[in-house]
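The file protein-v7.cif comes next; it holds mmCIF, C-alpha atoms.
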```
data_my_file
#
loop_
_atom_site.label_atom_id
_atom_site.label_comp_id
_atom_site.auth_asym_id
_atom_site.auth_seq_id
_atom_site.Cartn_x
_atom_site.Cartn_y
_atom_site.Cartn_z
CA MET E 22 0.00 0.00 0.00
CA ASN E 23 2.81 2.36 0.95
CA ASN E 24 4.61 1.71 -2.35
CA GLY E 25 1.38 2.38 -4.26
CA LYS E 26 0.86 5.64 -2.45
CA ARG E 27 4.42 6.70 -3.16
CA ARG E 28 3.97 5.91 -6.86
CA GLN E 29 0.72 7.89 -6.95
CA GLY E 30 2.47 10.78 -5.16
CA ARG E 31 5.33 10.77 -7.66
CA LYS E 32 2.82 10.66 -10.52
CA ARG E 33 0.92 13.62 -9.10
CA SER E 34 4.20 15.43 -8.60
CA ARG E 35 5.19 14.85 -12.23
CA GLN E 36 1.74 15.96 -13.37
CA GLY E 37 2.07 19.09 -11.24
CA LYS E 38 5.45 19.88 -12.77
CA TRP E 39 4.08 19.44 -16.28
CA ARG E 40 1.16 21.71 -15.43
CA LEU E 41 3.60 24.34 -14.21
CA ILE E 42 5.72 23.95 -17.35
CA ILE E 43 2.65 24.19 -19.59
CA LEU E 44 1.39 27.22 -17.62
CA PHE E 45 4.82 28.85 -17.94
CA LEU E 46 4.91 28.20 -21.69
CA VAL E 47 1.40 29.62 -22.07
CA LEU E 48 2.42 32.73 -20.13
CA VAL E 49 5.55 33.12 -22.27
CA ALA E 50 3.43 32.78 -25.43
CA LEU E 51 0.92 35.34 -24.13
CA ILE E 52 3.67 37.79 -23.20
CA ALA E 53 5.41 37.31 -26.55
CA GLY E 54 2.10 37.73 -28.34
CA GLY E 55 1.36 40.87 -26.32
CA ILE E 56 4.75 42.36 -27.10
CA ALA E 57 4.31 41.51 -30.78
CA PHE E 58 0.85 43.11 -30.72
CA VAL E 59 2.14 46.30 -29.09
CA LEU E 60 5.07 46.54 -31.49
CA ASN E 61 2.81 45.96 -34.47
CA TYR E 62 0.32 48.52 -33.12
CA GLN E 63 3.07 51.11 -32.70
CA ASP E 64 4.55 50.30 -36.11
CA GLU E 65 1.17 50.79 -37.80
CA ARG E 66 0.67 54.19 -36.18
CA ASP E 67 4.12 55.70 -36.50
CA TYR E 68 3.55 58.27 -39.24
CA SER E 69 6.73 60.23 -38.53
CA ALA E 70 9.50 60.93 -41.04
CA LEU E 71 12.11 58.25 -41.61
CA ASN E 72 14.90 60.79 -41.12
CA SER E 73 13.98 64.40 -40.33
CA GLN E 74 17.49 65.55 -41.26
CA ASP E 75 17.62 63.95 -44.72
CA LYS E 76 15.99 66.37 -47.18
CA LYS E 77 17.41 64.78 -50.34
CA ASN E 78 14.56 64.18 -52.79
CA LYS E 79 13.96 60.87 -54.53
CA GLN E 80 11.61 60.35 -57.43
CA VAL E 81 8.64 57.98 -57.16
CA LYS E 82 6.26 57.12 -59.97
CA VAL E 83 2.65 56.28 -59.07
CA LYS E 84 0.68 54.58 -61.84
CA ASP E 85 -3.04 54.76 -62.55
CA GLY E 86 -4.70 52.02 -60.51
CA ASP E 87 -2.01 51.86 -57.82
CA ASP E 88 -3.60 51.34 -54.41
CA ALA E 89 -2.20 52.24 -50.98
CA GLU E 90 -0.18 49.02 -50.73
CA ASP E 91 1.36 49.58 -54.17
CA VAL E 92 2.38 53.11 -53.22
CA ALA E 93 3.67 51.96 -49.82
CA ASN E 94 5.85 49.34 -51.52
CA LYS E 95 7.34 51.98 -53.84
CA LEU E 96 8.02 54.41 -51.01
CA ASP E 97 9.57 51.63 -48.93
CA LYS E 98 11.74 50.46 -51.83
CA ALA E 99 12.99 54.03 -52.27
CA LYS E 100 13.81 54.11 -48.52
CA LEU E 101 11.47 57.03 -47.91
CA ILE E 102 9.23 55.64 -45.13
CA ARG E 103 9.89 53.72 -41.95
CA SER E 104 6.88 51.42 -42.26
CA LYS E 105 4.69 50.18 -45.10
CA LYS E 106 2.09 49.18 -42.52
CA ALA E 107 1.95 52.73 -41.18
CA PHE E 108 1.39 54.20 -44.65
CA VAL E 109 -1.43 51.75 -45.45
CA HIS E 110 -2.97 52.24 -41.99
CA TYR E 111 -2.89 56.04 -42.35
CA VAL E 112 -4.64 55.92 -45.72
CA SER E 113 -7.21 53.40 -44.47
CA SER E 114 -7.93 55.04 -41.09
CA HIS E 115 -8.42 58.45 -42.73
CA ASP E 116 -10.69 56.95 -45.40
CA ILE E 117 -8.51 58.22 -48.25
CA SER E 118 -9.16 56.77 -51.67
CA ASN E 119 -7.90 59.43 -54.06
CA LEU E 120 -4.13 58.92 -54.31
CA LYS E 121 -3.32 60.30 -57.74
CA SER E 122 -0.90 59.09 -60.36
CA GLY E 123 2.18 60.96 -61.53
CA TYR E 124 5.82 61.57 -60.77
CA TYR E 125 6.65 62.77 -57.25
CA LEU E 126 9.71 63.96 -55.39
CA PHE E 127 9.80 62.91 -51.73
CA ALA E 128 12.52 63.09 -49.09
CA PRO E 129 13.09 60.90 -45.99
CA SER E 130 12.34 64.08 -43.98
CA ASP E 131 8.72 64.01 -45.21
CA SER E 132 6.17 62.49 -42.83
CA ILE E 133 3.52 60.09 -44.08
CA ASN E 134 0.94 62.81 -43.52
CA GLU E 135 2.87 65.19 -45.80
CA MET E 136 3.36 62.53 -48.47
CA VAL E 137 -0.33 61.64 -48.52
CA LYS E 138 -1.27 65.32 -48.85
CA THR E 139 0.94 65.58 -51.92
CA LEU E 140 -0.33 62.29 -53.36
CA ARG E 141 -3.90 63.53 -53.09
CA HIS E 142 -2.99 66.68 -54.97
CA GLY E 143 -1.42 64.88 -57.94
CA GLY E 144 2.02 64.43 -59.44
CA ALA E 145 3.83 65.68 -62.53
CA SER E 146 2.94 64.14 -65.86
CA SER E 147 6.59 63.67 -66.85
CA PRO E 148 9.73 62.57 -64.97
CA LEU E 149 11.25 65.13 -62.64
CA ASN E 150 14.97 65.72 -62.74
CA ASN E 151 16.23 66.31 -59.21
CA GLN E 152 18.87 68.65 -60.57
CA GLU E 153 16.43 70.86 -62.43
CA THR E 154 13.41 71.10 -60.13
CA ILE E 155 12.50 72.76 -56.86
CA THR E 156 9.51 71.65 -54.80
CA VAL E 157 7.36 73.91 -52.66
CA ARG E 158 5.76 71.63 -50.09
CA GLU E 159 2.39 72.28 -48.52
CA GLY E 160 2.81 74.30 -45.34
CA GLU E 161 6.41 75.34 -46.02
CA THR E 162 7.48 78.86 -45.13
CA ILE E 163 9.32 81.18 -47.48
CA GLU E 164 12.48 80.73 -45.43
CA ASP E 165 12.24 76.94 -45.87
CA ILE E 166 11.77 77.39 -49.62
CA ALA E 167 14.62 79.89 -49.86
CA ALA E 168 16.97 77.48 -48.09
CA GLU E 169 16.22 74.75 -50.63
CA VAL E 170 16.55 77.19 -53.51
CA GLY E 171 20.01 78.10 -52.23
CA GLN E 172 21.00 74.44 -51.98
CA LYS E 173 19.59 73.13 -55.26
CA THR E 174 19.63 75.97 -57.78
CA LYS E 175 22.00 78.54 -59.22
CA PHE E 176 20.21 81.22 -57.18
CA THR E 177 21.18 82.01 -53.60
CA LYS E 178 18.92 82.04 -50.56
CA ALA E 179 19.54 85.78 -50.22
CA GLU E 180 18.51 86.41 -53.85
CA PHE E 181 15.26 84.53 -53.34
CA LEU E 182 14.42 86.36 -50.10
CA LYS E 183 15.21 89.68 -51.75
CA ALA E 184 12.87 88.83 -54.63
CA VAL E 185 9.88 87.96 -52.43
CA ASN E 186 10.28 91.25 -50.56
CA ASN E 187 11.03 93.56 -53.48
CA LYS E 188 8.34 96.27 -53.51
CA ALA E 189 8.62 97.11 -57.22
CA PHE E 190 8.49 93.41 -58.15
CA PHE E 191 5.47 92.93 -55.86
CA ASN E 192 3.65 95.75 -57.63
CA ARG E 193 4.38 94.23 -61.03
CA LEU E 194 2.97 90.91 -59.85
CA LYS E 195 -0.11 92.68 -58.50
CA GLU E 196 -0.77 94.12 -61.95
CA ALA E 197 -0.02 90.85 -63.72
CA TYR E 198 -2.39 88.80 -61.53
CA PRO E 199 -5.41 91.03 -60.77
CA GLY E 200 -7.28 90.20 -57.60
CA LEU E 201 -4.57 88.01 -56.08
CA LEU E 202 -2.40 90.50 -54.20
CA ASP E 203 -4.76 93.46 -53.93
CA SER E 204 -6.01 92.70 -50.42
CA GLU E 205 -2.48 92.27 -49.11
CA ALA E 206 -1.42 95.61 -50.58
CA SER E 207 -4.35 97.34 -48.87
CA SER E 208 -4.10 95.45 -45.57
CA LYS E 209 -3.98 97.63 -42.46
CA ASN E 210 -1.10 95.45 -41.22
CA ALA E 211 0.88 95.60 -44.47
CA LYS E 212 3.79 97.41 -42.79
CA ASP E 213 4.27 94.44 -40.41
CA ILE E 214 4.43 91.73 -43.10
CA ARG E 215 7.70 89.82 -42.90
CA TYR E 216 7.70 88.49 -46.46
CA ARG E 217 5.32 90.10 -48.95
CA LEU E 218 4.68 86.88 -50.83
CA GLU E 219 4.33 84.48 -47.88
CA GLY E 220 1.27 82.37 -48.62
CA TYR E 221 1.31 83.15 -52.35
CA LEU E 222 3.92 80.60 -53.48
CA TYR E 223 1.80 77.67 -54.57
CA PRO E 224 2.89 74.19 -53.39
CA ALA E 225 4.05 72.36 -56.50
CA THR E 226 7.22 71.30 -58.32
CA TYR E 227 8.91 73.86 -60.57
CA ASN E 228 11.67 73.65 -63.15
CA TRP E 229 14.08 76.32 -61.94
CA LYS E 230 16.17 76.11 -65.10
CA ASP E 231 13.29 77.80 -66.92
CA SER E 232 14.14 80.92 -64.89
CA ASN E 233 16.95 83.38 -65.57
CA ASN E 234 16.90 84.82 -62.07
CA ALA E 235 15.22 84.38 -58.67
CA ARG E 236 12.40 86.77 -59.57
CA GLU E 237 11.38 84.61 -62.55
CA LEU E 238 11.31 81.54 -60.30
CA VAL E 239 9.12 83.38 -57.78
CA ASN E 240 6.89 84.50 -60.65
CA GLN E 241 6.30 80.84 -61.59
CA MET E 242 5.08 80.14 -58.06
CA VAL E 243 2.83 83.20 -57.85
CA ALA E 244 1.41 82.50 -61.32
CA GLN E 245 0.42 79.02 -60.17
CA SER E 246 -1.34 80.49 -57.12
CA TYR E 247 -3.28 82.81 -59.42
CA THR E 248 -4.26 79.89 -61.67
CA GLN E 249 -5.52 77.92 -58.68
CA LEU E 250 -7.33 80.78 -56.94
CA LYS E 251 -8.76 83.04 -59.64
CA ASN E 252 -11.94 80.99 -60.02
CA GLN E 253 -12.52 81.24 -56.26
CA PHE E 254 -12.30 85.02 -55.92
CA ASP E 255 -16.10 85.36 -55.96
CA THR E 256 -16.48 82.53 -53.43
CA ILE E 257 -13.96 84.23 -51.15
CA LYS E 258 -15.84 87.50 -51.40
CA ASP E 259 -19.19 85.80 -50.72
CA ALA E 260 -17.65 84.27 -47.57
CA GLY E 261 -16.96 87.79 -46.30
CA LEU E 262 -13.22 87.31 -46.59
CA THR E 263 -10.36 88.74 -48.61
CA VAL E 264 -7.80 86.60 -50.42
CA HIS E 265 -5.20 87.65 -47.84
CA GLU E 266 -7.43 86.65 -44.92
CA THR E 267 -8.30 83.36 -46.60
CA LEU E 268 -4.66 82.42 -47.13
CA THR E 269 -3.81 83.49 -43.57
CA LEU E 270 -6.43 81.17 -42.05
CA ALA E 271 -5.56 78.42 -44.52
CA SER E 272 -1.91 78.58 -43.43
CA LEU E 273 -2.98 77.91 -39.82
CA VAL E 274 -5.46 75.20 -40.81
CA GLU E 275 -2.71 73.58 -42.91
CA ARG E 276 -0.55 72.93 -39.86
CA GLU E 277 -3.30 72.34 -37.30
CA GLY E 278 -5.45 69.80 -39.16
CA ILE E 279 -4.56 66.22 -40.05
CA ASP E 280 -7.23 65.54 -42.66
CA GLN E 281 -9.89 67.43 -44.56
CA ASP E 282 -12.57 66.83 -41.95
CA SER E 283 -10.47 68.25 -39.11
CA ARG E 284 -9.28 71.14 -41.27
CA GLN E 285 -12.87 72.18 -41.97
CA THR E 286 -13.89 72.02 -38.31
CA ILE E 287 -10.74 73.83 -37.16
CA ALA E 288 -11.43 76.52 -39.77
CA GLY E 289 -14.85 76.89 -38.16
CA VAL E 290 -13.24 77.30 -34.72
CA PHE E 291 -10.98 80.08 -36.01
CA LEU E 292 -13.85 81.85 -37.77
CA ASN E 293 -15.97 81.65 -34.61
CA ARG E 294 -13.11 83.23 -32.67
CA ILE E 295 -12.72 85.96 -35.28
CA ASP E 296 -16.44 86.75 -34.97
CA LYS E 297 -16.06 87.12 -31.20
CA ASP E 298 -12.88 89.18 -31.52
CA MET E 299 -10.98 86.48 -29.62
CA PRO E 300 -7.28 85.90 -30.28
CA LEU E 301 -6.80 82.82 -32.44
CA GLN E 302 -4.13 81.57 -30.01
CA SER E 303 -2.41 79.23 -32.43
CA ASP E 304 1.09 78.01 -31.64
CA ILE E 305 1.75 77.98 -35.38
CA ALA E 306 1.45 81.77 -35.46
CA THR E 307 3.59 82.33 -32.36
CA LYS E 308 6.33 80.01 -33.61
CA TYR E 309 6.38 81.96 -36.86
CA ALA E 310 6.57 85.20 -34.89
CA LEU E 311 9.56 83.95 -32.92
CA LYS E 312 11.19 82.09 -35.83
CA THR E 313 11.32 78.92 -33.77
CA LYS E 314 10.39 75.29 -34.42
CA LYS E 315 10.53 74.12 -30.81
CA THR E 316 7.67 71.88 -29.76
CA ASN E 317 6.49 73.64 -26.62
CA LEU E 318 6.12 77.38 -26.10
CA SER E 319 6.71 79.08 -22.76
CA ASN E 320 4.54 81.73 -21.07
CA LYS E 321 7.18 84.27 -22.08
CA ASP E 322 6.91 83.15 -25.72
CA VAL E 323 3.16 83.72 -25.93
CA GLN E 324 3.57 87.22 -24.45
CA SER E 325 5.79 88.32 -27.34
CA SER E 326 4.91 91.71 -28.84
CA ASN E 327 5.64 90.52 -32.37
CA PRO E 328 2.55 91.30 -34.51
CA TYR E 329 2.45 87.68 -35.73
CA ASN E 330 1.85 86.47 -32.16
CA LEU E 331 -1.85 85.63 -32.22
CA TYR E 332 -1.85 84.69 -28.55
CA LYS E 333 -1.51 88.38 -27.75
CA TYR E 334 -3.31 90.01 -30.66
CA SER E 335 -6.78 89.32 -32.03
CA GLY E 336 -7.60 89.24 -35.73
CA TYR E 337 -5.63 87.70 -38.57
CA GLY E 338 -2.26 89.26 -37.87
CA PRO E 339 -0.10 90.60 -40.71
CA GLY E 340 -0.66 87.66 -43.05
CA PRO E 341 0.00 83.98 -43.86
CA PHE E 342 2.40 81.92 -41.77
CA ASN E 343 3.33 79.50 -44.57
CA ASN E 344 2.21 78.53 -48.07
CA PRO E 345 -0.99 76.48 -47.72
CA SER E 346 -2.45 73.77 -49.91
CA ALA E 347 -5.59 73.95 -52.02
CA SER E 348 -7.34 71.62 -49.54
CA SER E 349 -6.69 74.00 -46.63
CA ILE E 350 -8.00 76.94 -48.66
CA GLU E 351 -11.07 74.85 -49.47
CA ALA E 352 -11.53 74.10 -45.74
CA VAL E 353 -11.60 77.83 -44.92
CA LEU E 354 -14.21 78.45 -47.61
CA ASN E 355 -16.30 75.46 -46.48
CA PRO E 356 -15.95 75.30 -42.67
CA LYS E 357 -17.86 72.66 -40.69
CA ASP E 358 -19.88 72.71 -37.48
CA ARG E 359 -19.92 76.48 -36.98
CA ASP E 360 -23.42 76.15 -35.54
CA LYS E 361 -21.95 74.11 -32.67
CA ASN E 362 -20.14 77.27 -31.55
CA TYR E 363 -16.80 75.56 -31.00
CA LEU E 364 -14.13 77.95 -29.71
CA TYR E 365 -11.46 75.50 -28.59
CA PHE E 366 -9.79 72.35 -29.82
CA VAL E 367 -7.17 69.98 -28.53
CA ALA E 368 -5.37 67.32 -30.55
CA ASN E 369 -4.10 63.92 -29.48
CA LEU E 370 -0.81 63.79 -31.34
CA LYS E 371 -0.53 60.03 -30.89
CA ASN E 372 -3.64 59.07 -32.80
CA GLY E 373 -4.45 62.36 -34.56
CA LYS E 374 -7.92 62.69 -33.04
CA VAL E 375 -9.10 66.25 -32.41
CA TYR E 376 -11.53 67.20 -29.62
CA TYR E 377 -13.63 70.37 -29.80
CA SER E 378 -15.31 72.44 -27.09
CA ALA E 379 -17.67 75.41 -26.98
CA ASN E 380 -16.56 76.53 -23.50
CA TYR E 381 -13.29 76.76 -21.65
CA ASP E 382 -14.15 74.45 -18.74
CA ASP E 383 -15.02 71.62 -21.12
CA HIS E 384 -11.82 72.31 -23.03
CA LEU E 385 -9.73 72.16 -19.85
CA GLY E 386 -11.23 68.79 -18.99
CA LYS E 387 -10.39 67.33 -22.37
CA SER E 388 -6.90 68.83 -22.29
CA GLY E 389 -6.28 67.36 -18.84
CA ASP E 390 -7.32 63.89 -19.94
CA LEU E 391 -4.87 64.02 -22.83
CA GLU E 392 -2.02 65.32 -20.69
CA GLU E 393 -2.46 62.35 -18.37
CA GLY E 394 -2.08 60.14 -21.43
CA ASN E 395 1.22 61.85 -22.24
CA THR E 396 -0.16 63.50 -25.34
CA ALA E 397 0.21 67.07 -26.57
CA VAL E 398 -2.43 69.74 -26.07
CA GLY E 399 -3.86 71.48 -29.15
CA ASP E 400 -3.07 75.00 -30.12
CA ALA E 401 -6.36 76.86 -29.82
CA ALA E 402 -6.43 76.72 -26.04
CA ASP E 403 -6.39 79.67 -23.67
CA ASN E 404 -3.46 80.15 -21.34
#
```

Spit out the file's structure as structure tokens when you get a sec.
Amino acid sequence: MNNGKRRQGRKRSRQGKWRLIILFLVLVALIAGGIAFVLNYQDERDYSALNSQDKKNKQVKVKDGDDAEDVANKLDKAKLIRSKKAFVHYVSSHDISNLKSGYYLFAPSDSINEMVKTLRHGGASSPLNNQETITVREGETIEDIAAEVGQKTKFTKAEFLKAVNNKAFFNRLKEAYPGLLDSEASSKNAKDIRYRLEGYLYPATYNWKDSNNARELVNQMVAQSYTQLKNQFDTIKDAGLTVHETLTLASLVEREGIDQDSRQTIAGVFLNRIDKDMPLQSDIATKYALKTKKTNLSNKDVQSSNPYNLYKYSGYGPGPFNNPSASSIEAVLNPKDRDKNYLYFVANLKNGKVYYSANYDDHLGKSGDLEEGNTAVGDAADN
């Protein structure tokens, strides 16, 4: 009997050990699966640039019929994105179906968001020679454009900046493209404008070798803005805006929104604030005022007396803060949800979701929730 009991005890002991081993292996598998899930989740949602310092353009050709996966494969093969999954996820999660064919120039410093914006606009119909073209990207400032002009063309950065601020040249452009620059010329804040043509250099790719000097290159960019905007002059007027005001708001919407839906609602927030004579309080404006690209602004920063600081001053300020896309201009002319009286918004920079509020207490609550989640607060908040 004793021997039988000992055998049964050893059997139970072995069974117990096997259960522990199986339980351990199950736990290991669950942990490994969890880690793999988290890594895959993060990989799918990392829309950041592959290398923010590498601005060297590479050409990509998108064919008619190419879907998001086809484009992702081409961008990945050209070593322009960090994750094919992230590109496909961005397109899918933002319900984007209109990636257009053509030749494009992208750099590893471009984020997936920026690339998709360009792909929705459309590419060139013929191959682009990196040595002969200059690209104005959506939301770029004149100083950004001038830096690339100095690096890639026979014109210097100083020549380009001189051209965009030349009064006589500006007046010639005003006459050549009636209705485009008139409202800037008559703006009450004209004396405070940093660069006369900020906002009027249309995002596109240009052959700089077609130009004999920097002014001719600038003329190409302004001419394209006129071509894109001239049929909207009446719409702008009917909206109670000037071209200069429209481009100013569009330049803020360009950098604040992540898709067309958010751009339209954010445009509505800004217009509601304008109607109430509230400062727009956009970090985009204050960073432009201070010529800084730092992520977080201090209390001292937002108290700057620079006229572009829209934390301190109400209204539109002197003018555009960058060169906006056609979609951002469209958002300003077709704002959403104005009847909801939104005056505030806060963005979750991890997932791109934007939260809107009609009163400050509600806004503070939403901002606090995001801060606890280690996310960034949006730019239309009061300090």

Can you list every residue of segment 74-156 of chain E that has an atom at most 10 Å from segment 272-281 of chain E, with its nearest atom pair and the distance in Å to one decimal, using all atoms listed in the file, ordered by chain then number, as a tab-separated table?
```
residue	atom	partner	partner_atom	distance
E:His115	CA	E:Asp280	CA	7.2
E:Asp116	CA	E:Asp280	CA	9.7
E:Ile117	CA	E:Asp280	CA	9.3
E:Asn134	CA	E:Ile279	CA	7.3
E:Glu135	CA	E:Ile279	CA	9.5
E:Val137	CA	E:Asp280	CA	9.9
E:Lys138	CA	E:Asp280	CA	8.6
```

The residue from E:Asp213, E:Asp322, E:Asp296, E:Asp131 with the smallest atom-to-atom distance to Gly261 of chain E, counting all atoms listed in the file, is E:Asp296

Determine, counting only C-alpha atoms, which protein, DNA and RNA residues have an atom within 12 Å of an atom of Lys357 of chain E; residues of the same chain fewer than 6 positions away are not included. Present the result as a list in words.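 Listing them by chain and then by number gives Gln281, Asp282, Ser283, Arg284, Gln285, Thr286, Ile287, Ala288, Gly289, Val290, Phe291, Leu292, Asn293, Glu351, Tyr363 and Tyr377 of chain E.
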
Any chance you can output those residues with C-alpha atoms as an mmCIF file, in the frame of the given file?
```cif
data_model
loop_
_atom_site.group_PDB
_atom_site.id
_atom_site.type_symbol
_atom_site.label_atom_id
_atom_site.label_comp_id
_atom_site.auth_asym_id
_atom_site.auth_seq_id
_atom_site.Cartn_x
_atom_site.Cartn_y
_atom_site.Cartn_z
ATOM 1 C CA GLN E 281 -9.890 67.430 -44.560
ATOM 2 C CA ASP E 282 -12.570 66.830 -41.950
ATOM 3 C CA SER E 283 -10.470 68.250 -39.110
ATOM 4 C CA ARG E 284 -9.280 71.140 -41.270
ATOM 5 C CA GLN E 285 -12.870 72.180 -41.970
ATOM 6 C CA THR E 286 -13.890 72.020 -38.310
ATOM 7 C CA ILE E 287 -10.740 73.830 -37.160
ATOM 8 C CA ALA E 288 -11.430 76.520 -39.770
ATOM 9 C CA GLY E 289 -14.850 76.890 -38.160
ATOM 10 C CA VAL E 290 -13.240 77.300 -34.720
ATOM 11 C CA PHE E 291 -10.980 80.080 -36.010
ATOM 12 C CA LEU E 292 -13.850 81.850 -37.770
ATOM 13 C CA ASN E 293 -15.970 81.650 -34.610
ATOM 14 C CA GLU E 351 -11.070 74.850 -49.470
ATOM 15 C CA TYR E 363 -16.800 75.560 -31.000
ATOM 16 C CA TYR E 377 -13.630 70.370 -29.800
#
```

Quick one: 6 Å padding each side, axis-aligned, all listed atoms of segment 213-228 of chain E - centre and edge lengths in Å to one decimal, as JSON?
```
{"center_x": 6.5, "center_y": 82.9, "center_z": -51.8, "size_x": 22.4, "size_y": 35.1, "size_z": 34.7}
```

What's the separation between atom CA of Asn94 of chain E and atom CA of Asn228 of chain E, in Å to one decimal place?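 Atom CA of Asn228 of chain E lies at a distance of 27.6 Å from atom CA of Asn94 of chain E.
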
Contacts of Lys100 of chain E within 9 Å, only C-alpha atoms, excl. fewer than 4 positions in-chain, as a PyMOL selection string: chain E and resi 71+95-96+129

Which residues would end up in the selection if the PyMOL selection byres ((chain E and resi 191) around 12) were applied here, given that I need the answer as a list in words?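 Applied to this file, the PyMOL selection byres ((chain E and resi 191) around 12) returns Lys183, Ala184, Val185, Asn186, Asn187, Lys188, Ala189, Phe190, Asn192, Arg193, Leu194, Lys195, Glu196, Ala197, Tyr198, Leu201, Leu202, Asp203, Glu205, Ala206, Tyr216, Arg217, Leu218, Glu219, Tyr221, Arg236, Val239, Asn240 and Val243 of chain E.
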
Place a sphere of radius 6 Å on (0.6, 62.4, -56.4) in the file coordinates and name every protein, DNA or RNA residue with an atom inside or on its surface, counting all atoms listed in the file; give the answer as a ChimeraX atom specification. /E:121-123,139-144

Residue IDs satisfying the PyMOL selection byres ((chain E and resi 246) around 12), as a ChimeraX atom specification: /E:157,194,198-202,218-225,239-245,247-254,264,268,344-347,350

Selection file, C-alpha atoms, as an mmCIF file, in the coordinates of the input:
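The resulting file, result_18.cif, is shown below:
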```cif
data_model
loop_
_atom_site.group_PDB
_atom_site.id
_atom_site.type_symbol
_atom_site.label_atom_id
_atom_site.label_comp_id
_atom_site.auth_asym_id
_atom_site.auth_seq_id
_atom_site.Cartn_x
_atom_site.Cartn_y
_atom_site.Cartn_z
ATOM 1 C CA VAL E 157 7.360 73.910 -52.660
ATOM 2 C CA LEU E 194 2.970 90.910 -59.850
ATOM 3 C CA TYR E 198 -2.390 88.800 -61.530
ATOM 4 C CA PRO E 199 -5.410 91.030 -60.770
ATOM 5 C CA GLY E 200 -7.280 90.200 -57.600
ATOM 6 C CA LEU E 201 -4.570 88.010 -56.080
ATOM 7 C CA LEU E 202 -2.400 90.500 -54.200
ATOM 8 C CA LEU E 218 4.680 86.880 -50.830
ATOM 9 C CA GLU E 219 4.330 84.480 -47.880
ATOM 10 C CA GLY E 220 1.270 82.370 -48.620
ATOM 11 C CA TYR E 221 1.310 83.150 -52.350
ATOM 12 C CA LEU E 222 3.920 80.600 -53.480
ATOM 13 C CA TYR E 223 1.800 77.670 -54.570
ATOM 14 C CA PRO E 224 2.890 74.190 -53.390
ATOM 15 C CA ALA E 225 4.050 72.360 -56.500
ATOM 16 C CA VAL E 239 9.120 83.380 -57.780
ATOM 17 C CA ASN E 240 6.890 84.500 -60.650
ATOM 18 C CA GLN E 241 6.300 80.840 -61.590
ATOM 19 C CA MET E 242 5.080 80.140 -58.060
ATOM 20 C CA VAL E 243 2.830 83.200 -57.850
ATOM 21 C CA ALA E 244 1.410 82.500 -61.320
ATOM 22 C CA GLN E 245 0.420 79.020 -60.170
ATOM 23 C CA TYR E 247 -3.280 82.810 -59.420
ATOM 24 C CA THR E 248 -4.260 79.890 -61.670
ATOM 25 C CA GLN E 249 -5.520 77.920 -58.680
ATOM 26 C CA LEU E 250 -7.330 80.780 -56.940
ATOM 27 C CA LYS E 251 -8.760 83.040 -59.640
ATOM 28 C CA ASN E 252 -11.940 80.990 -60.020
ATOM 29 C CA GLN E 253 -12.520 81.240 -56.260
ATOM 30 C CA PHE E 254 -12.300 85.020 -55.920
ATOM 31 C CA VAL E 264 -7.800 86.600 -50.420
ATOM 32 C CA LEU E 268 -4.660 82.420 -47.130
ATOM 33 C CA ASN E 344 2.210 78.530 -48.070
ATOM 34 C CA PRO E 345 -0.990 76.480 -47.720
ATOM 35 C CA SER E 346 -2.450 73.770 -49.910
ATOM 36 C CA ALA E 347 -5.590 73.950 -52.020
ATOM 37 C CA ILE E 350 -8.000 76.940 -48.660
#
```

Exercise: Ser319 of chain E partners within 12 Å, all atoms listed in the file, chain neighbours under 6 positions left out, as number ranges by chain: E: 304, 307-308, 311, 313, 325, 332, 404

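Take atom CA of Val375 of chain E and atom CA of Thr162 of chain E: the distance between them is 24.4 Å.
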